[in-house]
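Have a look at the structure below, then the notes.
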Amino acid sequence: MNTQKLTQKSIEAVQAAQSIVVENGNQPLEQSHLLLALLQQENGLIGELVKNMGVSSQDLEASLEAAVSRIP
């Protein structure tokens, strides 16, 4: 991955997703890790989009955390 082509927020999201992988003892970095990291970003676009769609970000975050916990 060429990180020079990513925005600062994107780099932070990938790093946060990698941290989630390590914290949960998972092997691969999956889409759920990245989505969870994007959802947890302060003032992030994904959190705002989810909110504007009328989806509970807390419920989505809980579902993602449960999904991440099931990854080997």
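Ordered as shown in the structure tokens, chains take letters A, B, and onward, while each chain numbers its residues from 1 and ligands are numbered from 1 in the order shown.
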- Message: Residues within 7 Å of Ala13 (chain A), please, as a list of chain:residue names. Count only C-alpha atoms; anything in the same chain fewer than 2 positions from it doesn't count.
- Response: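 These residues fall inside the cut-off: A:Lys9, A:Ser10, A:Ile11, A:Gln15, A:Ala16, A:Ala17, A:Leu34, A:Ala37, A:Leu38.
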Could you write out the selected residues, including N, CA, C and O atoms, as a short mmCIF file (atom, residue, chain, number, x, y, z; two decimals), in the first residue's frame?
data_model
loop_
_atom_site.label_atom_id
_atom_site.label_comp_id
_atom_site.auth_asym_id
_atom_site.auth_seq_id
_atom_site.Cartn_x
_atom_site.Cartn_y
_atom_site.Cartn_z
N LYS A 9 -6.33 11.40 7.49
CA LYS A 9 -7.42 10.69 8.16
C LYS A 9 -7.43 9.22 7.76
O LYS A 9 -7.69 8.34 8.57
N SER A 10 -7.12 8.93 6.49
CA SER A 10 -7.08 7.55 6.02
C SER A 10 -5.94 6.78 6.68
O SER A 10 -6.12 5.63 7.09
N ILE A 11 -4.80 7.42 6.79
CA ILE A 11 -3.66 6.79 7.45
C ILE A 11 -4.00 6.49 8.91
O ILE A 11 -3.72 5.40 9.41
N GLN A 15 -4.15 2.79 10.72
CA GLN A 15 -3.38 2.53 11.94
C GLN A 15 -4.30 2.10 13.09
O GLN A 15 -3.96 1.19 13.85
N ALA A 16 -5.46 2.75 13.21
CA ALA A 16 -6.41 2.37 14.26
C ALA A 16 -6.95 0.96 14.00
O ALA A 16 -7.12 0.18 14.95
N ALA A 17 -7.20 0.62 12.74
CA ALA A 17 -7.67 -0.73 12.40
C ALA A 17 -6.61 -1.76 12.76
O ALA A 17 -6.93 -2.83 13.31
N LEU A 34 -11.55 -2.08 9.79
CA LEU A 34 -11.44 -0.75 9.20
C LEU A 34 -12.71 0.06 9.40
O LEU A 34 -12.65 1.24 9.76
N ALA A 37 -12.81 1.22 12.96
CA ALA A 37 -11.87 2.33 13.15
C ALA A 37 -12.42 3.62 12.56
O ALA A 37 -12.31 4.69 13.18
N LEU A 38 -13.01 3.54 11.38
CA LEU A 38 -13.58 4.73 10.75
C LEU A 38 -14.75 5.28 11.56
O LEU A 38 -14.92 6.49 11.70
#
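All residues of protein, DNA or RNA that reach within 12 Å of Gly47 (chain A), judged by only C-alpha atoms and not counting those fewer than 6 positions away in the chain, are Leu35, Leu36, Ala37, Leu38, Leu39, Gln40, Gln41, Met53, Gly54, Val55, Ser56, Ser57, Gln58, Leu60 and Glu61 of chain A.
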- Long-range neighbours of Val68 (chain A) as a list in words, 8 Å cut-off, only C-alpha atoms, 5 positions minimum in chain: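 After dropping sequence-adjacent residues, the list is Asn24, Asn26, Ser32 and His33 of chain A.
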- Rounded to one decimal in Å, what is the spacing between CA of Leu64 (chain A) and CA of Leu29 (chain A)?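 Between CA of Leu64 (chain A) and CA of Leu29 (chain A) the gap works out to 13.3 Å.
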If you run DSSP on this backbone, which residues of chain A come out as helix (DSSP H, G or I), and could you give them as a JSON list (two decimals) with N, CA and C atoms, in the first residue's frame?
[["chain", "number", "residue", "atom", "x", "y", "z"],
["A", 3, "THR", "N", 1.26, 4.60, 1.06],
["A", 3, "THR", "CA", 0.63, 5.53, 2.02],
["A", 3, "THR", "C", 0.80, 6.99, 1.62],
["A", 4, "GLN", "N", 1.65, 7.27, 0.65],
["A", 4, "GLN", "CA", 1.83, 8.65, 0.21],
["A", 4, "GLN", "C", 0.60, 9.16, -0.54],
["A", 5, "LYS", "N", -0.24, 8.25, -1.01],
["A", 5, "LYS", "CA", -1.44, 8.64, -1.75],
["A", 5, "LYS", "C", -2.66, 8.74, -0.84],
["A", 8, "GLN", "N", -4.39, 12.08, 5.57],
["A", 8, "GLN", "CA", -3.99, 11.88, 6.97],
["A", 8, "GLN", "C", -5.05, 11.09, 7.72],
["A", 9, "LYS", "N", -6.33, 11.40, 7.49],
["A", 9, "LYS", "CA", -7.42, 10.69, 8.16],
["A", 9, "LYS", "C", -7.43, 9.22, 7.76],
["A", 10, "SER", "N", -7.12, 8.93, 6.49],
["A", 10, "SER", "CA", -7.08, 7.55, 6.02],
["A", 10, "SER", "C", -5.94, 6.78, 6.68],
["A", 11, "ILE", "N", -4.80, 7.42, 6.79],
["A", 11, "ILE", "CA", -3.66, 6.79, 7.45],
["A", 11, "ILE", "C", -4.00, 6.49, 8.91],
["A", 12, "GLU", "N", -4.63, 7.45, 9.58],
["A", 12, "GLU", "CA", -5.02, 7.25, 10.97],
["A", 12, "GLU", "C", -6.02, 6.10, 11.09],
["A", 13, "ALA", "N", -6.94, 5.98, 10.14],
["A", 13, "ALA", "CA", -7.93, 4.91, 10.18],
["A", 13, "ALA", "C", -7.26, 3.54, 10.02],
["A", 14, "VAL", "N", -6.32, 3.44, 9.10],
["A", 14, "VAL", "CA", -5.62, 2.17, 8.89],
["A", 14, "VAL", "C", -4.80, 1.81, 10.13],
["A", 15, "GLN", "N", -4.15, 2.79, 10.72],
["A", 15, "GLN", "CA", -3.38, 2.53, 11.94],
["A", 15, "GLN", "C", -4.30, 2.10, 13.09],
["A", 16, "ALA", "N", -5.46, 2.75, 13.21],
["A", 16, "ALA", "CA", -6.41, 2.37, 14.26],
["A", 16, "ALA", "C", -6.95, 0.96, 14.00],
["A", 17, "ALA", "N", -7.20, 0.62, 12.74],
["A", 17, "ALA", "CA", -7.67, -0.73, 12.40],
["A", 17, "ALA", "C", -6.61, -1.76, 12.76],
["A", 18, "GLN", "N", -5.35, -1.45, 12.50],
["A", 18, "GLN", "CA", -4.26, -2.36, 12.87],
["A", 18, "GLN", "C", -4.19, -2.53, 14.39],
["A", 19, "SER", "N", -4.44, -1.47, 15.12],
["A", 19, "SER", "CA", -4.46, -1.55, 16.58],
["A", 19, "SER", "C", -5.59, -2.44, 17.07],
["A", 20, "ILE", "N", -6.75, -2.34, 16.41],
["A", 20, "ILE", "CA", -7.89, -3.18, 16.77],
["A", 20, "ILE", "C", -7.55, -4.65, 16.53],
["A", 21, "VAL", "N", -6.86, -4.93, 15.43],
["A", 21, "VAL", "CA", -6.43, -6.30, 15.12],
["A", 21, "VAL", "C", -5.55, -6.83, 16.25],
["A", 22, "VAL", "N", -4.57, -6.04, 16.66],
["A", 22, "VAL", "CA", -3.64, -6.46, 17.70],
["A", 22, "VAL", "C", -4.36, -6.63, 19.04],
["A", 23, "GLU", "N", -5.21, -5.67, 19.39],
["A", 23, "GLU", "CA", -5.94, -5.73, 20.67],
["A", 23, "GLU", "C", -6.80, -6.98, 20.78],
["A", 31, "GLN", "N", -12.37, -6.03, 6.79],
["A", 31, "GLN", "CA", -13.17, -4.83, 6.55],
["A", 31, "GLN", "C", -13.83, -4.35, 7.84],
["A", 32, "SER", "N", -14.23, -5.28, 8.69],
["A", 32, "SER", "CA", -14.90, -4.88, 9.94],
["A", 32, "SER", "C", -13.96, -4.10, 10.85],
["A", 33, "HIS", "N", -12.66, -4.42, 10.84],
["A", 33, "HIS", "CA", -11.69, -3.65, 11.62],
["A", 33, "HIS", "C", -11.62, -2.21, 11.10],
["A", 34, "LEU", "N", -11.55, -2.08, 9.79],
["A", 34, "LEU", "CA", -11.44, -0.75, 9.20],
["A", 34, "LEU", "C", -12.71, 0.06, 9.40],
["A", 35, "LEU", "N", -13.87, -0.57, 9.22],
["A", 35, "LEU", "CA", -15.12, 0.15, 9.43],
["A", 35, "LEU", "C", -15.26, 0.58, 10.88],
["A", 36, "LEU", "N", -14.88, -0.28, 11.80],
["A", 36, "LEU", "CA", -14.93, 0.07, 13.22],
["A", 36, "LEU", "C", -14.00, 1.25, 13.51],
["A", 37, "ALA", "N", -12.81, 1.22, 12.96],
["A", 37, "ALA", "CA", -11.87, 2.33, 13.15],
["A", 37, "ALA", "C", -12.42, 3.62, 12.56],
["A", 38, "LEU", "N", -13.01, 3.54, 11.38],
["A", 38, "LEU", "CA", -13.58, 4.73, 10.75],
["A", 38, "LEU", "C", -14.75, 5.28, 11.56],
["A", 39, "LEU", "N", -15.55, 4.38, 12.10],
["A", 39, "LEU", "CA", -16.71, 4.79, 12.90],
["A", 39, "LEU", "C", -16.27, 5.45, 14.20],
["A", 40, "GLN", "N", -15.14, 5.02, 14.75],
["A", 40, "GLN", "CA", -14.66, 5.56, 16.02],
["A", 40, "GLN", "C", -13.85, 6.85, 15.87],
["A", 45, "LEU", "N", -15.90, 11.29, 8.79],
["A", 45, "LEU", "CA", -16.95, 11.30, 7.78],
["A", 45, "LEU", "C", -17.91, 10.13, 7.95],
["A", 46, "ILE", "N", -17.40, 8.95, 8.25],
["A", 46, "ILE", "CA", -18.24, 7.76, 8.33],
["A", 46, "ILE", "C", -19.25, 7.88, 9.48],
["A", 47, "GLY", "N", -18.81, 8.36, 10.61],
["A", 47, "GLY", "CA", -19.73, 8.56, 11.73],
["A", 47, "GLY", "C", -20.86, 9.51, 11.38],
["A", 48, "GLU", "N", -20.53, 10.57, 10.66],
["A", 48, "GLU", "CA", -21.55, 11.53, 10.24],
["A", 48, "GLU", "C", -22.50, 10.91, 9.21],
["A", 49, "LEU", "N", -21.96, 10.14, 8.28],
["A", 49, "LEU", "CA", -22.81, 9.49, 7.28],
["A", 49, "LEU", "C", -23.79, 8.52, 7.93],
["A", 50, "VAL", "N", -23.28, 7.74, 8.87],
["A", 50, "VAL", "CA", -24.13, 6.77, 9.57],
["A", 50, "VAL", "C", -25.23, 7.51, 10.33],
["A", 51, "LYS", "N", -24.85, 8.58, 10.99],
["A", 51, "LYS", "CA", -25.82, 9.37, 11.74],
["A", 51, "LYS", "C", -26.88, 9.96, 10.81],
["A", 52, "ASN", "N", -26.46, 10.48, 9.65],
["A", 52, "ASN", "CA", -27.40, 11.07, 8.69],
["A", 52, "ASN", "C", -28.32, 10.03, 8.06],
["A", 57, "SER", "N", -25.16, 4.72, 15.67],
["A", 57, "SER", "CA", -23.73, 4.43, 15.60],
["A", 57, "SER", "C", -23.29, 3.54, 16.76],
["A", 58, "GLN", "N", -23.98, 3.65, 17.91],
["A", 58, "GLN", "CA", -23.64, 2.79, 19.04],
["A", 58, "GLN", "C", -23.99, 1.34, 18.74],
["A", 59, "ASP", "N", -25.15, 1.12, 18.12],
["A", 59, "ASP", "CA", -25.56, -0.25, 17.76],
["A", 59, "ASP", "C", -24.63, -0.83, 16.70],
["A", 60, "LEU", "N", -24.29, -0.03, 15.71],
["A", 60, "LEU", "CA", -23.39, -0.48, 14.66],
["A", 60, "LEU", "C", -22.02, -0.80, 15.24],
["A", 61, "GLU", "N", -21.53, 0.07, 16.12],
["A", 61, "GLU", "CA", -20.23, -0.16, 16.75],
["A", 61, "GLU", "C", -20.25, -1.45, 17.58],
["A", 62, "ALA", "N", -21.31, -1.68, 18.30],
["A", 62, "ALA", "CA", -21.43, -2.90, 19.11],
["A", 62, "ALA", "C", -21.45, -4.14, 18.21],
["A", 63, "SER", "N", -22.15, -4.06, 17.09],
["A", 63, "SER", "CA", -22.20, -5.18, 16.15],
["A", 63, "SER", "C", -20.82, -5.44, 15.55],
["A", 64, "LEU", "N", -20.12, -4.38, 15.22],
["A", 64, "LEU", "CA", -18.77, -4.54, 14.65],
["A", 64, "LEU", "C", -17.81, -5.11, 15.68],
["A", 65, "GLU", "N", -17.91, -4.66, 16.92],
["A", 65, "GLU", "CA", -17.04, -5.21, 17.97],
["A", 65, "GLU", "C", -17.31, -6.70, 18.17],
["A", 66, "ALA", "N", -18.59, -7.09, 18.10],
["A", 66, "ALA", "CA", -18.94, -8.50, 18.20],
["A", 66, "ALA", "C", -18.39, -9.29, 17.03],
["A", 67, "ALA", "N", -18.47, -8.72, 15.84],
["A", 67, "ALA", "CA", -17.94, -9.40, 14.64],
["A", 67, "ALA", "C", -16.43, -9.55, 14.73],
["A", 68, "VAL", "N", -15.76, -8.51, 15.19],
["A", 68, "VAL", "CA", -14.30, -8.55, 15.33],
["A", 68, "VAL", "C", -13.89, -9.59, 16.36],
["A", 69, "SER", "N", -14.66, -9.72, 17.41],
["A", 69, "SER", "CA", -14.31, -10.68, 18.46],
["A", 69, "SER", "C", -14.42, -12.12, 17.98]]
